[in-house]
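Report on the structure given below.
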Amino acid sequence: MIPGKVKQGLKRPFFANLVIFLSILGPGIITGSVDNDAGGITTYAVAGSHYGYRLLWTLIPAFVVLLVVQEMNARMGIVTGKGLADLIRESFGVKITFYVFLGLLVADIGNTATEFAGIAGSMQIFGVSKYVSVPLAAIAVWILVVKGTYKLAERIFLVFSVFLLSYVISALMAKPHWLKIGAALIRPQIQFDRPYLGMVIGIIGTTIAPWMQFYMQSAVIEKRIQLKDYRYALWDVIIGCLATVTVAFFIIVACAATLHEEGIVIHEAKDAAMALKPLAGVFAGEIFAFGLFVASIFSATILPLATAFYVCEAFGFEAGIDKKLKEAPKFYALFTAIIVIGVAIILIPGAPLIAITIWTQVLNGMLLPVVLICMMIMVNKREIMGANVNNKFQNFVGWSTSLLLIILTFFLIAWPLLARLA
């Protein structure tokens, strides 16, 4: 049982439930929202511009997988009171933990650079140079985490999550064809060529990132959620997953209704914002750019924070936003180092940002099956979870996803070789 108590609220059942739910609200919504980072927005925008509405069907299985995985994270955190990194070290040993986390650290530095690239691209739409926007964003992120508290940071993150719904406005202003959207969801047109399958891999793969699993479980522990309040935590997870898929849906729709209809091909999210202006109006393009900025700065905060947290947790160092700089020096030093390296990469003139993004996703794809298999083994151990092990449906989805991710990893690694041989 996790230490600490959640306020019971008023005596009337409805208000008591509402108060408890609002007090627990946060980890699931934040984790789900941060999934729509610069890399995710780019993937969805490119999918919509290249294939129109035809890839909307992929969001249905992506939602199921995301929901099952995030629920497992929340349940493990509530039952054990330990973070995912801590459990992996205890279950599999320090040596395996070291190699897995070394790969995760490298991948997350690349992911952080990608987030700052999103900040730079979105602010360029408004005429702000990356040499101004990126350093200022980095300083703001650092101050929020190092000088703030978990409660303050969580409230700001929840506000950021709401702003991501700005993509709904962009999509509606594009005047999409709802009948075509319904047909694409009900009767998907599946192709078996490399570009199409590659985009399917990208959409499903961007839904779940290794570092998200560590953040989710750590956030549950920071909130001190108890097992008796599990149902409220579950609703938090469900809302977060719905928000993730909703934002993804409207990004694809916005780009499909405008860029695809005009035959405009893009390669970055900022390209979509610029192309939307003459098609759906200047305001729609600026709203899209604003959403990219919010998502990027949101993820640029959460990602290095989660990385520093799980690395320190894995090796027994003090970690947490509520701890002062003197209480957790290694945690804050690692957090700062990841931000500095990410910013430095973006500010290098002519930095190969696309290559960095691609190879970061390859490394994510390689590591995600490892993390998920570790989760599946641990969540089914009664000595760890007691009576709260997975049911048959959760095991089916979890193991099927693990197998699928291994196949996706093979394609991510072998795709360039296969393309050369073709």
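Following the order of the structure tokens, chains are lettered A, B, ..., residues in each are numbered from 1, and ligands are numbered from 1.
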
Exercise: Ile252 in chain A partners within 12 Å, only C-alpha atoms, chain neighbours under 5 positions left out, as a PDB file with C-alpha atoms, in the first residue's frame:
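around10.pdb, freshly written:
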```pdb
ATOM      1  CA  GLY A  40       3.930  12.671 -32.716  1.00  0.00           C
ATOM      2  CA  ILE A  41       2.439  15.810 -34.261  1.00  0.00           C
ATOM      3  CA  THR A  42       4.859  15.513 -37.174  1.00  0.00           C
ATOM      4  CA  THR A  43       3.893  11.875 -37.710  1.00  0.00           C
ATOM      5  CA  TYR A  44       0.142  12.616 -37.663  1.00  0.00           C
ATOM      6  CA  ALA A  45       0.519  15.691 -39.909  1.00  0.00           C
ATOM      7  CA  VAL A  46       2.562  13.782 -42.484  1.00  0.00           C
ATOM      8  CA  ALA A  47       0.062  10.895 -42.359  1.00  0.00           C
ATOM      9  CA  GLY A  48      -2.849  13.255 -43.054  1.00  0.00           C
ATOM     10  CA  SER A  49      -1.079  15.129 -45.855  1.00  0.00           C
ATOM     11  CA  HIS A  50       0.144  11.963 -47.596  1.00  0.00           C
ATOM     12  CA  TYR A  51      -2.817   9.590 -47.124  1.00  0.00           C
ATOM     13  CA  GLY A  52      -5.787  11.784 -46.285  1.00  0.00           C
ATOM     14  CA  TYR A  53      -8.271  10.052 -43.988  1.00  0.00           C
ATOM     15  CA  ARG A  54      -7.118   6.516 -44.867  1.00  0.00           C
ATOM     16  CA  LEU A  55      -4.941   6.021 -41.763  1.00  0.00           C
ATOM     17  CA  LEU A  56      -7.495   7.129 -39.159  1.00  0.00           C
ATOM     18  CA  TRP A  57      -8.330   3.467 -38.440  1.00  0.00           C
ATOM     19  CA  THR A  58      -4.893   2.958 -36.835  1.00  0.00           C
ATOM     20  CA  LEU A  59      -5.942   5.166 -33.909  1.00  0.00           C
ATOM     21  CA  TYR A 167      -6.039  21.196 -32.931  1.00  0.00           C
ATOM     22  CA  VAL A 168      -9.781  20.589 -32.839  1.00  0.00           C
ATOM     23  CA  SER A 170      -7.754  23.868 -36.768  1.00  0.00           C
ATOM     24  CA  ALA A 171      -9.534  20.741 -37.999  1.00  0.00           C
ATOM     25  CA  LEU A 172     -13.024  22.275 -37.861  1.00  0.00           C
ATOM     26  CA  ALA A 174     -10.557  23.083 -42.465  1.00  0.00           C
ATOM     27  CA  PRO A 176     -13.457  18.149 -43.297  1.00  0.00           C
ATOM     28  CA  ILE A 181     -13.981  10.119 -42.225  1.00  0.00           C
ATOM     29  CA  ILE A 203       1.515   6.110 -35.968  1.00  0.00           C
ATOM     30  CA  VAL A 245      -6.261   9.842 -29.565  1.00  0.00           C
ATOM     31  CA  THR A 246      -8.620  12.830 -29.954  1.00  0.00           C
ATOM     32  CA  VAL A 247      -5.739  15.235 -30.600  1.00  0.00           C
ATOM     33  CA  ALA A 257      -8.944  18.090 -45.358  1.00  0.00           C
ATOM     34  CA  THR A 258      -6.525  20.726 -46.628  1.00  0.00           C
ATOM     35  CA  LEU A 259      -3.032  19.576 -47.584  1.00  0.00           C
ATOM     36  CA  HIS A 260      -4.003  16.176 -48.998  1.00  0.00           C
ATOM     37  CA  ALA A 269       4.913  19.756 -38.457  1.00  0.00           C
ATOM     38  CA  ALA A 272       1.755  21.908 -42.014  1.00  0.00           C
ATOM     39  CA  PHE A 288      -1.693  24.735 -35.485  1.00  0.00           C
TER      40      PHE A 288
END
```

#### Entry: Residues flagged helix (DSSP H, G or I) by DSSP in range 158-381 of chain A, as number ranges by chain
A: 158-163, 166-173, 178-186, 194-207, 210-222, 227-260, 269-280, 282-314, 329-347, 353-379

Closest contacts (range 278-308 of chain A/range 99-111 of chain A, max 10 Å, only C-alpha atoms) as a Markdown table:
```
| residue | atom | partner | partner_atom | distance |
| --- | --- | --- | --- | --- |
| A:Ser299 | CA | A:Asn111 | CA | 9.1 |
| A:Ala300 | CA | A:Asn111 | CA | 8.5 |
| A:Leu303 | CA | A:Asp108 | CA | 7.0 |
| A:Pro304 | CA | A:Asp108 | CA | 7.1 |
| A:Ala306 | CA | A:Asp108 | CA | 9.4 |
| A:Thr307 | CA | A:Leu105 | CA | 6.8 |
| A:Ala308 | CA | A:Leu105 | CA | 8.7 |
```

### Query
Any idea what the distance is between CA of Arg75 in chain A and CA of Phe335 in chain A?
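Going from CA of Arg75 in chain A over to CA of Phe335 in chain A covers 26.6 Å.
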
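Minimum atom-to-atom distances from A:Ile30, A:Met375, A:Cys312, A:Leu242 to Arg155 in chain A were compared using only C-alpha atoms, and the lowest value belongs to A:Ile30.
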
### Query
Skipping near chain neighbours, those fewer than 5 positions away, what residues fall within 10 Å of range 319-325 of chain A using only C-alpha atoms, listed as an NGL selection string?
:A and (144-153 or 218-219 or 222 or 305-306 or 308-313 or 330-333)

### Query
Can you tell me, as a list in words, what residues are no more than 7 Å from range 113-124 of chain A when counting only C-alpha atoms, ignoring any on the same chain fewer than 3 positions away?
Asp37, Ala38, Gly39, Ile109, Gly110, Gly127, Val128, Ser129, Lys130, Ser133, Val134, Lys270, Ala289, Phe290, Leu292, Phe293, Ser296, Ile297, Ser299, Ala300, Gly342, Val343, Ile345, Ile346 and Thr357 of chain A

### Query
Which distance in Å separates CA of Phe163 in chain A and CA of Phe126 in chain A, to one decimal?
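Straight-line distance from CA of Phe163 in chain A to CA of Phe126 in chain A works out to 17.7 Å.
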
### Query
Which distance in Å separates CA of Leu403 in chain A and CA of Ile302 in chain A, to one decimal?
28.0 Å

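Among the candidates A:Val34, A:Val141, A:Ile190, A:Val265, the one nearest to Leu164 in chain A when counting only C-alpha atoms is A:Val34.
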
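Using only C-alpha atoms for every distance, the candidate list A:Thr97, A:Gln191, A:Asn36, A:Thr244 yields A:Thr244 as the residue closest to Phe63 in chain A.
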
### Query
Closest to Pro27 in chain A among A:Leu227, A:Ile139, A:Leu197, A:Ala74, using only C-alpha atoms?
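Under the stated criterion, the closest residue is A:Ala74.
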